[in-house]
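Peer 1: Sending over target.txt (compact mmCIF, C-alpha atoms).
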# COMPACT_ATOMS: atom_id res chain seq x y z
CA MET A 1470 -126.50 57.87 105.98
CA SER A 1471 -128.43 60.36 103.91
CA ASN A 1472 -125.61 62.89 104.09
CA THR A 1473 -122.89 60.66 102.64
CA ASN A 1474 -123.99 61.76 99.22
CA THR A 1475 -124.11 65.47 99.88
CA PHE A 1476 -120.84 66.40 98.25
CA GLY A 1477 -120.62 63.78 95.54
CA PRO A 1478 -121.95 64.40 92.05
CA ALA A 1479 -125.73 64.05 91.97
CA GLY A 1480 -126.96 60.48 91.88
CA LEU A 1481 -123.48 58.98 91.93
CA ASN A 1482 -122.39 57.35 95.16
CA LEU A 1483 -118.62 57.58 95.08
CA HIS A 1484 -118.38 55.70 98.36
CA ARG A 1485 -118.85 52.48 96.43
CA PHE A 1486 -115.24 52.80 95.26
CA ALA A 1487 -113.91 53.51 98.74
CA ASN A 1488 -114.58 49.97 99.89
CA PRO A 1489 -111.11 48.36 99.93
CA GLY A 1490 -112.40 44.94 98.84
CA ARG A 1491 -114.21 46.43 95.87
CA PHE A 1492 -111.13 48.54 95.09
CA LEU A 1493 -108.94 45.43 94.97
CA ARG A 1494 -111.32 43.62 92.61
CA LEU A 1495 -111.82 46.61 90.31
CA SER A 1496 -108.18 47.70 90.23
CA GLY A 1497 -107.04 44.11 89.70
CA ALA A 1498 -109.03 44.04 86.48
CA VAL A 1499 -107.88 47.49 85.34
CA LEU A 1500 -104.20 47.37 86.32
CA PRO A 1501 -102.86 45.09 83.55
CA TRP A 1502 -104.52 47.28 80.90
CA LEU A 1503 -103.18 50.44 82.51
CA ALA A 1504 -99.66 49.05 82.75
CA VAL A 1505 -99.51 47.65 79.22
CA SER A 1506 -101.09 50.70 77.58
CA GLY A 1507 -98.84 53.00 79.63
CA VAL A 1508 -95.67 51.23 78.50
CA VAL A 1509 -96.78 50.87 74.86
CA ILE A 1510 -98.07 54.45 74.44
CA THR A 1511 -95.04 55.95 76.21
CA ALA A 1512 -92.77 53.91 73.91
CA ILE A 1513 -94.69 55.10 70.83
CA GLY A 1514 -94.63 58.73 71.99
CA LEU A 1515 -90.94 58.72 72.90
CA GLY A 1516 -89.91 56.76 69.79
CA TRP A 1517 -91.87 59.17 67.62
CA GLY A 1518 -90.53 62.24 69.41
CA LEU A 1519 -86.90 61.17 69.79
CA PHE A 1520 -86.37 59.57 66.37
CA LEU A 1521 -89.10 60.49 63.87
CA ALA A 1522 -90.32 64.00 64.70
CA PRO A 1523 -88.54 66.89 62.95
CA ALA A 1524 -85.96 68.98 64.81
CA ASP A 1525 -86.88 72.51 65.85
CA TRP A 1526 -85.87 75.44 63.63
CA GLN A 1527 -83.88 77.18 66.38
CA GLN A 1528 -83.16 74.54 69.01
CA GLY A 1529 -82.28 71.71 66.63
CA ASP A 1530 -82.25 68.23 68.14
CA ALA A 1531 -82.07 69.61 71.69
CA VAL A 1532 -85.83 70.17 71.48
CA ARG A 1533 -86.31 66.40 71.84
CA ILE A 1534 -85.76 66.65 75.60
CA MET A 1535 -89.21 68.25 75.55
CA TYR A 1536 -90.86 64.86 74.96
CA VAL A 1537 -89.73 63.79 78.44
CA HIS A 1538 -89.60 67.15 80.23
CA VAL A 1539 -93.06 68.49 79.38
CA PRO A 1540 -95.07 65.31 80.18
CA ALA A 1541 -93.09 65.00 83.44
CA ALA A 1542 -93.82 68.63 84.30
CA TRP A 1543 -97.55 68.28 83.60
CA LEU A 1544 -97.65 65.10 85.62
CA ALA A 1545 -95.76 66.65 88.53
CA SER A 1546 -98.60 69.16 88.95
CA LEU A 1547 -101.37 66.69 88.13
CA GLY A 1548 -99.93 64.22 90.66
CA TYR A 1549 -100.06 66.95 93.29
CA VAL A 1550 -103.72 67.62 92.42
CA MET A 1551 -104.39 63.92 93.01
CA LEU A 1552 -102.46 64.08 96.29
CA ALA A 1553 -104.51 67.09 97.38
CA CYS A 1554 -107.82 65.40 96.47
CA ALA A 1555 -106.83 62.30 98.45
CA SER A 1556 -105.82 64.53 101.38
CA LEU A 1557 -109.13 66.40 101.27
CA ALA A 1558 -111.04 63.12 101.25
CA SER A 1559 -108.91 61.94 104.15
CA LEU A 1560 -109.40 65.07 106.27
CA VAL A 1561 -113.08 65.68 105.59
CA TRP A 1562 -114.59 62.27 104.92
CA ARG A 1563 -111.97 60.18 106.79
CA HIS A 1564 -111.66 57.68 103.94
CA PRO A 1565 -109.29 54.86 104.88
CA LEU A 1566 -108.43 54.38 101.20
CA ALA A 1567 -107.69 58.10 100.73
CA ASP A 1568 -105.06 57.97 103.50
CA LEU A 1569 -103.31 55.10 101.77
CA ALA A 1570 -103.65 56.77 98.36
CA ALA A 1571 -102.00 59.98 99.60
CA ALA A 1572 -99.12 58.02 101.11
CA GLU A 1573 -98.62 56.08 97.86
CA ILE A 1574 -98.92 59.04 95.44
CA GLY A 1575 -96.20 61.03 97.26
CA PRO A 1576 -93.07 59.07 96.24
CA VAL A 1577 -94.27 58.62 92.63
CA GLY A 1578 -94.97 62.36 92.35
CA ALA A 1579 -91.58 63.20 93.86
CA GLY A 1580 -89.93 60.91 91.33
CA ILE A 1581 -91.66 62.49 88.33
CA THR A 1582 -90.89 66.00 89.67
CA ALA A 1583 -87.23 65.00 89.96
CA ILE A 1584 -87.33 63.84 86.32
CA CYS A 1585 -88.87 67.18 85.34
CA LEU A 1586 -86.16 69.15 87.17
CA ALA A 1587 -83.30 66.99 85.87
CA THR A 1588 -84.41 67.06 82.21
CA GLY A 1589 -85.12 70.78 82.49
CA SER A 1590 -81.58 71.34 83.70
CA LEU A 1591 -80.16 69.21 80.86
CA TRP A 1592 -82.22 71.24 78.40
CA GLY A 1593 -81.33 74.58 79.95
CA LYS A 1594 -77.55 74.21 79.68
CA PRO A 1595 -77.30 73.87 75.87
CA MET A 1596 -80.16 76.28 75.04
CA TRP A 1597 -80.08 79.02 77.69
CA GLY A 1598 -76.48 78.57 78.77
CA ALA A 1599 -77.29 77.73 82.41
CA TRP A 1600 -78.11 74.53 84.29
CA TRP A 1601 -80.23 76.44 86.76
CA VAL A 1602 -81.56 79.95 87.28
CA TRP A 1603 -83.62 81.10 90.25
CA ASP A 1604 -86.53 82.32 88.16
CA ALA A 1605 -90.12 82.02 89.35
CA ARG A 1606 -90.97 78.91 87.28
CA MET A 1607 -87.96 76.86 88.30
CA THR A 1608 -88.09 77.92 91.94
CA SER A 1609 -91.79 77.12 92.26
CA VAL A 1610 -91.27 73.64 90.75
CA LEU A 1611 -88.38 73.09 93.19
CA VAL A 1612 -90.79 74.05 96.01
CA LEU A 1613 -93.24 71.46 94.61
CA PHE A 1614 -90.48 68.85 94.83
CA PHE A 1615 -89.78 69.81 98.46
CA LEU A 1616 -93.52 69.63 99.24
CA TYR A 1617 -93.56 66.06 97.92
CA LEU A 1618 -90.47 65.20 100.00
CA GLY A 1619 -92.03 66.82 103.08
CA HIS A 1620 -95.20 64.81 102.56
CA ILE A 1621 -93.23 61.56 102.21
CA ALA A 1622 -91.39 62.26 105.47
CA LEU A 1623 -94.39 63.53 107.44
CA VAL A 1624 -96.76 60.70 106.53
CA ARG A 1625 -94.26 58.21 108.05
CA ALA A 1626 -93.05 60.37 110.95
CA PHE A 1627 -95.54 59.32 113.66
CA ASP A 1628 -95.84 56.09 115.62
CA ASP A 1629 -99.59 56.59 115.42
CA GLN A 1630 -100.21 56.24 111.70
CA GLN A 1631 -103.48 58.18 111.81
CA ARG A 1632 -101.68 61.26 113.11
CA GLY A 1633 -99.16 60.96 110.29
CA TYR A 1634 -101.94 60.80 107.71
CA ARG A 1635 -103.65 63.84 109.24
CA ALA A 1636 -100.51 66.00 109.44
CA ALA A 1637 -99.42 65.04 105.92
CA ALA A 1638 -102.90 65.80 104.55
CA ILE A 1639 -102.75 69.31 106.04
CA LEU A 1640 -99.30 69.85 104.50
CA ALA A 1641 -100.56 68.63 101.12
CA LEU A 1642 -103.56 70.98 101.18
CA VAL A 1643 -101.43 73.97 102.22
CA GLY A 1644 -99.12 73.20 99.30
CA VAL A 1645 -101.97 73.53 96.80
CA VAL A 1646 -101.31 77.28 96.89
CA ASN A 1647 -98.11 76.53 94.93
CA LEU A 1648 -99.96 75.03 91.94
CA PRO A 1649 -101.35 78.29 90.47
CA ILE A 1650 -97.96 79.89 91.17
CA ILE A 1651 -96.26 77.23 89.02
CA LYS A 1652 -98.85 77.59 86.26
CA PHE A 1653 -98.89 81.39 86.09
CA SER A 1654 -95.28 82.13 87.13
CA VAL A 1655 -94.30 82.64 83.50
CA GLU A 1656 -97.11 85.18 83.02
CA TRP A 1657 -97.05 87.08 86.31
CA TRP A 1658 -93.30 87.69 86.38
CA ASN A 1659 -90.54 87.80 83.82
CA THR A 1660 -88.62 84.54 83.78
CA LEU A 1661 -85.97 82.78 81.73
CA HIS A 1662 -88.43 79.94 81.17
CA GLN A 1663 -90.66 80.50 78.15
CA PRO A 1664 -94.47 80.73 78.54
CA ALA A 1665 -96.74 77.78 77.72
CA SER A 1666 -96.97 76.72 74.07
CA ILE A 1667 -100.24 74.91 74.58
CA THR A 1668 -103.06 76.94 76.10
CA LEU A 1669 -106.78 76.47 76.49
CA SER A 1670 -107.50 79.89 75.03
CA GLY A 1671 -105.61 79.82 71.73
CA ALA A 1672 -104.00 77.69 69.06
CA PRO A 1673 -100.78 76.00 70.20
CA SER A 1674 -97.61 77.79 69.10
CA MET A 1675 -96.12 74.46 68.12
CA ALA A 1676 -96.19 72.82 64.71
CA PRO A 1677 -98.40 69.67 64.58
CA ALA A 1678 -95.37 67.53 63.65
CA LEU A 1679 -93.90 68.28 67.09
CA LEU A 1680 -97.19 68.55 68.97
CA TRP A 1681 -98.61 65.09 68.24
CA PRO A 1682 -95.68 63.04 69.59
CA LEU A 1683 -95.70 65.31 72.67
CA LEU A 1684 -99.39 64.61 73.33
CA VAL A 1685 -98.95 60.85 72.78
CA SER A 1686 -95.97 60.84 75.14
CA ALA A 1687 -97.98 62.78 77.74
CA ILE A 1688 -100.88 60.30 77.55
CA GLY A 1689 -98.39 57.43 77.96
CA PHE A 1690 -96.76 59.10 80.98
CA ASN A 1691 -100.18 59.64 82.58
CA LEU A 1692 -101.21 56.01 82.09
CA GLY A 1693 -97.87 54.82 83.43
CA PHE A 1694 -98.17 57.09 86.46
CA ALA A 1695 -101.69 55.80 87.13
CA ALA A 1696 -100.49 52.20 86.80
CA VAL A 1697 -97.65 52.70 89.31
CA VAL A 1698 -99.94 54.46 91.80
CA VAL A 1699 -102.67 51.81 91.51
CA ALA A 1700 -100.11 49.00 91.91
CA ARG A 1701 -98.64 50.67 95.01
CA LEU A 1702 -102.10 51.28 96.44
CA ARG A 1703 -103.09 47.65 95.90
CA ALA A 1704 -99.93 46.54 97.67
CA ALA A 1705 -100.67 48.91 100.56
CA VAL A 1706 -104.26 47.64 100.93
CA MET A 1707 -103.07 44.03 100.91
CA GLU A 1708 -100.31 44.84 103.39
CA ARG A 1709 -102.86 46.35 105.74
CA ARG A 1710 -105.09 43.27 105.38
CA ILE A 1711 -102.22 40.91 106.11
CA ARG A 1712 -101.30 42.94 109.18
CA ALA A 1713 -104.91 42.77 110.40
CA LEU A 1714 -105.02 38.99 109.80
CA LEU A 1715 -101.73 38.40 111.63
CA LEU A 1716 -102.93 40.54 114.52
CA ALA A 1717 -106.20 38.59 114.73
CA ARG A 1718 -104.33 35.31 114.64
CA ALA A 1719 -101.91 36.40 117.37
CA ARG A 1720 -104.84 37.49 119.51
CA ASN A 1721 -106.51 34.12 118.92
CA ASP A 1722 -103.35 32.23 119.86
CA LEU A 1723 -103.05 34.26 123.06
CA GLN A 1724 -106.62 33.45 124.06
CA ASN A 1725 -106.18 29.74 123.32
CA ALA A 1726 -102.88 29.49 125.14
CA MET B 1276 -124.54 70.69 110.48
CA THR B 1277 -122.88 67.30 110.39
CA ARG B 1278 -119.26 66.72 111.40
CA LYS B 1279 -118.23 66.09 107.82
CA ARG B 1280 -119.83 69.30 106.67
CA ARG B 1281 -118.17 71.24 109.50
CA ARG B 1282 -114.76 69.81 108.60
CA LEU B 1283 -115.31 70.74 104.96
CA MET B 1284 -116.21 74.30 105.97
CA VAL B 1285 -113.07 74.56 108.12
CA VAL B 1286 -110.93 73.35 105.20
CA LEU B 1287 -112.62 75.81 102.81
CA ALA B 1288 -112.19 78.72 105.25
CA CYS B 1289 -108.49 77.85 105.65
CA ALA B 1290 -108.14 77.67 101.86
CA VAL B 1291 -109.65 81.14 101.43
CA GLY B 1292 -107.44 82.59 104.18
CA LEU B 1293 -104.28 80.92 102.93
CA GLY B 1294 -105.04 81.79 99.33
CA SER B 1295 -105.51 85.47 100.06
CA ALA B 1296 -102.44 85.55 102.31
CA ALA B 1297 -100.36 84.03 99.51
CA ALA B 1298 -101.82 86.41 96.91
CA LEU B 1299 -101.06 89.46 99.09
CA THR B 1300 -97.53 88.26 99.82
CA LEU B 1301 -96.78 87.57 96.16
CA SER B 1302 -98.13 90.91 94.99
CA ALA B 1303 -96.13 92.70 97.71
CA PHE B 1304 -92.93 90.98 96.63
CA SER B 1305 -93.78 91.13 92.93
CA SER B 1306 -90.85 93.30 91.92
CA THR B 1307 -88.28 91.08 93.65
CA LEU B 1308 -89.75 87.98 92.00
CA GLN B 1309 -88.84 89.33 88.57
CA LEU B 1310 -85.79 87.60 87.16
CA PHE B 1311 -84.59 90.61 85.17
CA VAL B 1312 -85.01 94.36 84.71
CA ALA B 1313 -86.10 95.76 81.33
CA PRO B 1314 -84.16 98.61 79.64
CA SER B 1315 -87.07 101.08 79.92
CA LYS B 1316 -87.19 100.45 83.68
CA ILE B 1317 -83.47 101.24 83.85
CA ALA B 1318 -84.09 104.46 81.93
CA THR B 1319 -86.57 105.67 84.58
CA GLU B 1320 -84.95 104.33 87.76
CA ALA B 1321 -81.41 103.10 87.18
CA PRO B 1322 -79.93 100.73 89.77
CA ARG B 1323 -76.89 102.14 91.57
CA GLY B 1324 -73.61 101.76 89.68
CA GLY B 1325 -71.76 98.61 90.67
CA ARG B 1326 -74.90 96.80 91.88
CA VAL B 1327 -75.12 93.40 90.18
CA PHE B 1328 -78.48 92.65 88.58
CA ARG B 1329 -79.98 90.93 85.55
CA LEU B 1330 -80.87 92.89 82.45
CA GLY B 1331 -83.37 91.33 80.04
CA GLY B 1332 -84.74 92.13 76.60
CA LEU B 1333 -84.15 91.50 72.92
CA VAL B 1334 -80.81 91.92 71.14
CA GLU B 1335 -81.37 94.96 68.94
CA THR B 1336 -81.19 94.16 65.21
CA GLY B 1337 -78.00 95.49 63.64
CA SER B 1338 -76.29 96.25 66.96
CA LEU B 1339 -74.21 93.08 67.42
CA GLN B 1340 -70.44 93.45 67.09
CA ARG B 1341 -67.98 90.68 67.84
CA ILE B 1342 -65.01 92.00 69.79
CA ILE B 1343 -61.73 90.54 70.98
CA GLN B 1344 -60.28 91.80 74.25
CA ASN B 1345 -56.88 90.58 75.44
CA GLY B 1346 -57.21 87.59 73.12
CA SER B 1347 -60.63 86.52 74.47
CA PRO B 1348 -63.67 86.63 72.20
CA GLY B 1349 -66.65 88.68 73.23
CA ALA B 1350 -69.48 90.76 71.91
CA SER B 1351 -71.04 94.15 72.27
CA PHE B 1352 -74.70 94.70 71.48
CA ARG B 1353 -77.72 96.69 72.56
CA VAL B 1354 -80.57 95.17 74.56
CA THR B 1355 -83.98 96.70 73.91
CA ASP B 1356 -87.55 96.24 75.05
CA GLY B 1357 -89.02 98.52 72.41
CA GLY B 1358 -89.07 101.56 74.67
CA ALA B 1359 -85.41 102.01 75.57
CA SER B 1360 -82.14 100.24 74.99
CA VAL B 1361 -78.92 99.66 76.92
CA SER B 1362 -75.57 98.87 75.37
CA VAL B 1363 -73.95 95.72 76.74
CA SER B 1364 -70.39 94.46 76.56
CA TYR B 1365 -69.48 90.89 77.34
CA ILE B 1366 -66.27 88.88 77.19
CA GLY B 1367 -66.87 85.15 77.07
CA ILE B 1368 -68.66 82.48 75.10
CA LEU B 1369 -72.19 83.29 74.02
CA PRO B 1370 -74.90 80.60 74.08
CA ASP B 1371 -75.73 78.91 70.75
CA LEU B 1372 -79.13 80.58 70.53
CA PHE B 1373 -77.69 84.07 70.87
CA ARG B 1374 -78.46 86.21 67.82
CA GLU B 1375 -80.03 89.52 66.86
CA GLY B 1376 -83.72 89.68 67.67
CA GLN B 1377 -83.35 86.92 70.27
CA GLY B 1378 -84.25 87.34 73.94
CA VAL B 1379 -81.31 87.54 76.35
CA VAL B 1380 -80.85 87.79 80.10
CA ALA B 1381 -77.48 89.26 81.12
CA LEU B 1382 -76.04 89.36 84.63
CA GLY B 1383 -73.77 92.29 85.38
CA SER B 1384 -73.71 95.91 86.50
CA LEU B 1385 -74.07 99.42 85.10
CA GLN B 1386 -70.86 101.32 84.37
CA PRO B 1387 -70.39 105.04 85.00
CA ASP B 1388 -70.92 105.70 81.25
CA GLY B 1389 -74.38 104.06 81.38
CA SER B 1390 -73.39 100.89 79.57
CA PHE B 1391 -73.85 97.44 81.07
CA ALA B 1392 -70.85 95.18 81.70
CA ALA B 1393 -72.08 91.58 81.62
CA GLN B 1394 -70.45 88.68 83.46
CA GLU B 1395 -72.91 86.12 82.10
CA VAL B 1396 -75.24 86.12 79.10
CA LEU B 1397 -78.11 83.64 78.84
CA ALA B 1398 -80.32 83.14 75.79
CA LYS B 1399 -84.08 83.23 76.31
CA HIS B 1400 -86.11 81.48 73.63
CA ASP B 1401 -89.82 81.82 73.00
CA GLU B 1402 -92.52 79.17 73.13
CA THR B 1403 -92.68 78.68 69.35
CA TYR B 1404 -91.64 75.28 68.06
CA MET B 1405 -91.65 74.36 64.38
CA PRO B 1406 -89.60 72.29 61.94
CA PRO B 1407 -86.91 74.19 59.99
CA ASP B 1408 -88.82 73.91 56.69
CA VAL B 1409 -91.89 75.60 58.18
CA ALA B 1410 -89.69 78.38 59.56
CA ASP B 1411 -87.97 78.77 56.18
CA ALA B 1412 -91.31 78.93 54.38
CA LEU B 1413 -92.60 81.58 56.78
CA LYS B 1414 -89.44 83.61 56.29
CA LYS B 1415 -89.42 83.20 52.49
CA SER B 1416 -93.04 84.24 52.17
CA GLY B 1417 -92.22 87.35 54.17
CA ARG B 1418 -94.69 86.50 56.94
CA TRP B 1419 -91.98 86.50 59.55
CA LYS B 1420 -88.66 88.27 60.01
CA PRO B 1421 -86.96 86.56 62.97
CA GLY B 1422 -84.83 89.63 63.73
CA GLN B 1423 -87.92 91.77 64.18
CA GLY B 1424 -90.22 89.82 66.39
CA ALA B 1425 -92.26 86.74 67.12
CA PRO B 1426 -93.55 84.49 64.32
CA PRO B 1427 -97.20 84.80 63.27
CA ALA B 1428 -99.83 82.79 65.12
CA SER B 1429 -99.68 79.09 64.35
CA ALA B 1430 -103.21 79.26 62.90
CA LEU B 1431 -101.65 81.11 59.94
CA TRP B 1432 -98.89 78.55 59.39
CA ASP B 1433 -101.09 76.43 57.17
CA ALA B 1434 -102.37 79.35 55.12
CA PRO B 1435 -102.21 78.64 51.38
CA ASP B 1436 -99.71 81.34 50.48
CA TRP B 1437 -96.92 79.91 52.54
CA ASN B 1438 -97.56 76.52 51.00
CA GLN B 1439 -97.00 78.17 47.66
CA ALA B 1440 -93.89 79.86 48.97
CA LYS B 1441 -92.66 76.51 50.24
CA GLN B 1442 -93.14 74.93 46.82
CA ALA B 1443 -91.62 77.91 45.05
CA GLY B 1444 -88.67 77.88 47.42
CA GLY B 1445 -88.14 74.16 46.85
In structure tokens, how does this file's structure come out?

Peer 2:
Amino acid sequence: MSNTNTFGPAGLNLHRFANPGRFLRLSGAVLPWLAVSGVVITAIGLGWGLFLAPADWQQGDAVRIMYVHVPAAWLASLGYVMLACASLASLVWRHPLADLAAAEIGPVGAGITAICLATGSLWGKPMWGAWWVWDARMTSVLVLFFLYLGHIALVRAFDDQQRGYRAAAILALVGVVNLPIIKFSVEWWNTLHQPASITLSGAPSMAPALLWPLLVSAIGFNLGFAAVVVARLRAAVMERRIRALLLARARNDLQNA
Amino acid sequence: MTRKRRRLMVVLACAVGLGSAAALTLSAFSSTLQLFVAPSKIATEAPRGGRVFRLGGLVETGSLQRIIQNGSPGASFRVTDGGASVSVSYIGILPDLFREGQGVVALGSLQPDGSFAAQEVLAKHDETYMPPDVADALKKSGRWKPGQGAPPASALWDAPDWNQAKQAGG
């Protein structure tokens, strides 16, 4: 048992949270807060961005699509990071909860990536003059969407569920190579898509009046995403428990018959 | 070495291998991953006449002329990247953001006379977002001429002299 802690942060036993019973108790307490704060903060961010924030000097009111598109785009990548972490935990440490988490993150991530692509297309037509261009940013995000779809299909493709989890985890980890490509595509190659306005290295090239509603909206999207994933994961854990109980009961009935 | 540790090492080794394979592939295909060709690149190695490609750069200030050909509106302008420029002709509707000093990506081919006949013109905008009054104040105070380049860094937007310019300009 001494090696269970080897890769966790010093002194913190992360395996405590991998226990499904403890997960259900903890997440049951957190979920209502996550859900309510996600809905409320998203509503504040979107209301602020869509109705109160000023228009952009060159894009006019079309810039308001940003308050949906940018949080969705950030979350599409962040969701994939979560998927990859769950897959790593599943492959290396064989966490039962990590398998379920990966299977439940996939569809939510695919959904948010679809929102990112759709809103980007709606924004591209009036501003650039094209619904779609095969530039490096857009193509790499489309690949991200296909990775999510591939994961969704693969995780459910085997009769033996464990094999599905394993194959899907390998796919998810291979796909991580796409994340830096998405991030740096606008710097490595010339693209129609503009570079990032908000960077770690410098001041954002966005006026505070537009930046604040964007950040609030992004926080709301993240909380909402977390709430949906936690709710799905709880349902999956309970489903697995019910299946185990029914199986035990059927076995019992067989023995008594 | 425990099983968990061995599995982690295998995953890490695969990550290093896959990462370097991807990096090598991307750097090998780097030129084909570019969406457009810049005018100075065309000046040194021009694509064959008739080959359709995308030309990208800024619309040169003072070069835009609206033209009408066979009753259809169009425009002729020069696209520059600072080093060289290519003259472009286009018949069709330009995007709303099209203007002098703005980034454009045009799809078309080089003509025998060295000009570029565009079938499609897309506007490329930068990553700067600001309300119209901030943009006006920056322009009025002379800190930024949109036709000549990118706006100053946002850290300078709140500098006192543009606040004065904003008040002076109403």

Peer 1: Could you please tell me, as a list of chain:residue names, which residues of chain A have an atom within 7 Å of chain B when using all atoms listed in the file?

Peer 2: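 Within 7 Å of chain B on chain A, we get A:Pro1523, A:Ala1524, A:Asp1525, A:Trp1526, A:Val1561, A:Trp1562, A:Met1596, A:Trp1597, A:Gly1598, A:Ala1599, A:Asp1604, A:Ala1605, A:Val1646, A:Trp1658, A:Asn1659, A:Thr1660, A:Leu1661, A:Gln1663, A:Pro1664, A:Ala1665, A:Ser1666, A:Ala1672, A:Pro1673, A:Ser1674, A:Met1675, A:Ala1676.
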
Peer 1: So how many Å separate CA of Ala1393 (chain B) and CA of Ile1366 (chain B), to one decimal?

Peer 2: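 Taking CA of Ala1393 (chain B) and CA of Ile1366 (chain B), their separation equals 7.8 Å.
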
Peer 1: Which residues come within 10 Å of Leu1385 (chain B), counting all atoms listed in the file, excluding same-chain residues fewer than 3 positions away, as a PyMOL selection string?

Peer 2: chain B and resi 1317+1321-1328+1330+1361-1363+1388-1393

Peer 1: I want to know what sits within 8 Å of region 1568-1574 of chain A, based on all atoms listed in the file, with residues of the same chain fewer than 5 positions away left out; could you give that as a ChimeraX atom specification?

Peer 2: /A:1548,1551-1553,1555-1556,1559,1563,1620-1621,1624,1634,1638,1698,1701-1702,1705-1706

Peer 1: Between CA of Thr1582 (chain A) and CA of Phe1304 (chain B), what distance in Å does the model show, to one decimal?

Peer 2: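 Rounded to one decimal, the two atoms are 26.0 Å apart.
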
Peer 1: Have a look at CA of Met1535 (chain A) and CA of Ile1667 (chain A) and let me know their distance in Å, one decimal.

Peer 2: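 So the two atoms, CA of Met1535 (chain A) and CA of Ile1667 (chain A), lie 12.9 Å apart.
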
Peer 1: Which residues are near Ala1498 (chain A)? Cut-off 12 Å, all atoms listed in the file, ignore same chain within fewer than 6 positions. Put them as a list in words.

Peer 2: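 That gives Arg1491, Phe1492, Ala1504, Ala1696, Val1699, Ala1700 and Arg1703 of chain A.
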
Peer 1: Using only C-alpha atoms, which residues sit within 8 Å of Asp1356 (chain B) once same-chain residues fewer than 2 positions away are excluded, as an MDAnalysis selection string?

Peer 2: chainID B and resid 1313:1315 1332:1333 1354 1358:1360

Peer 1: Assuming the input is short of atoms at region 1613-1628 of chain A, produce N, CA and C atoms for that part as a compact mmCIF listing (two decimals), in the frame of the given file.

Peer 2:
# COMPACT_ATOMS: atom_id res chain seq x y z
N LEU A 1613 -92.34 72.61 94.77
CA LEU A 1613 -93.24 71.46 94.61
C LEU A 1613 -92.52 70.17 94.98
N PHE A 1614 -91.27 70.04 94.52
CA PHE A 1614 -90.48 68.85 94.83
C PHE A 1614 -90.28 68.71 96.35
N PHE A 1615 -89.98 69.84 97.01
CA PHE A 1615 -89.78 69.81 98.46
C PHE A 1615 -91.09 69.50 99.18
N LEU A 1616 -92.23 69.96 98.63
CA LEU A 1616 -93.52 69.63 99.24
C LEU A 1616 -93.75 68.11 99.20
N TYR A 1617 -93.44 67.52 98.02
CA TYR A 1617 -93.56 66.06 97.92
C TYR A 1617 -92.67 65.38 98.95
N LEU A 1618 -91.40 65.83 99.06
CA LEU A 1618 -90.47 65.20 100.00
C LEU A 1618 -90.98 65.37 101.43
N GLY A 1619 -91.49 66.57 101.75
CA GLY A 1619 -92.03 66.82 103.08
C GLY A 1619 -93.20 65.90 103.38
N HIS A 1620 -94.05 65.69 102.37
CA HIS A 1620 -95.20 64.81 102.56
C HIS A 1620 -94.74 63.38 102.81
N ILE A 1621 -93.75 62.93 102.04
CA ILE A 1621 -93.23 61.56 102.21
C ILE A 1621 -92.72 61.38 103.64
N ALA A 1622 -91.98 62.38 104.13
CA ALA A 1622 -91.39 62.26 105.47
C ALA A 1622 -92.47 62.33 106.54
N LEU A 1623 -93.41 63.27 106.39
CA LEU A 1623 -94.39 63.53 107.44
C LEU A 1623 -95.36 62.37 107.60
N VAL A 1624 -95.74 61.75 106.47
CA VAL A 1624 -96.76 60.70 106.53
C VAL A 1624 -96.21 59.48 107.28
N ARG A 1625 -94.88 59.36 107.36
CA ARG A 1625 -94.26 58.21 108.05
C ARG A 1625 -93.60 58.61 109.35
N ALA A 1626 -93.83 59.86 109.82
CA ALA A 1626 -93.05 60.37 110.95
C ALA A 1626 -93.65 60.04 112.30
N PHE A 1627 -94.88 59.52 112.36
CA PHE A 1627 -95.54 59.32 113.66
C PHE A 1627 -95.69 57.83 113.95
N ASP A 1628 -95.58 57.48 115.23
CA ASP A 1628 -95.84 56.09 115.62
C ASP A 1628 -97.31 55.76 115.38
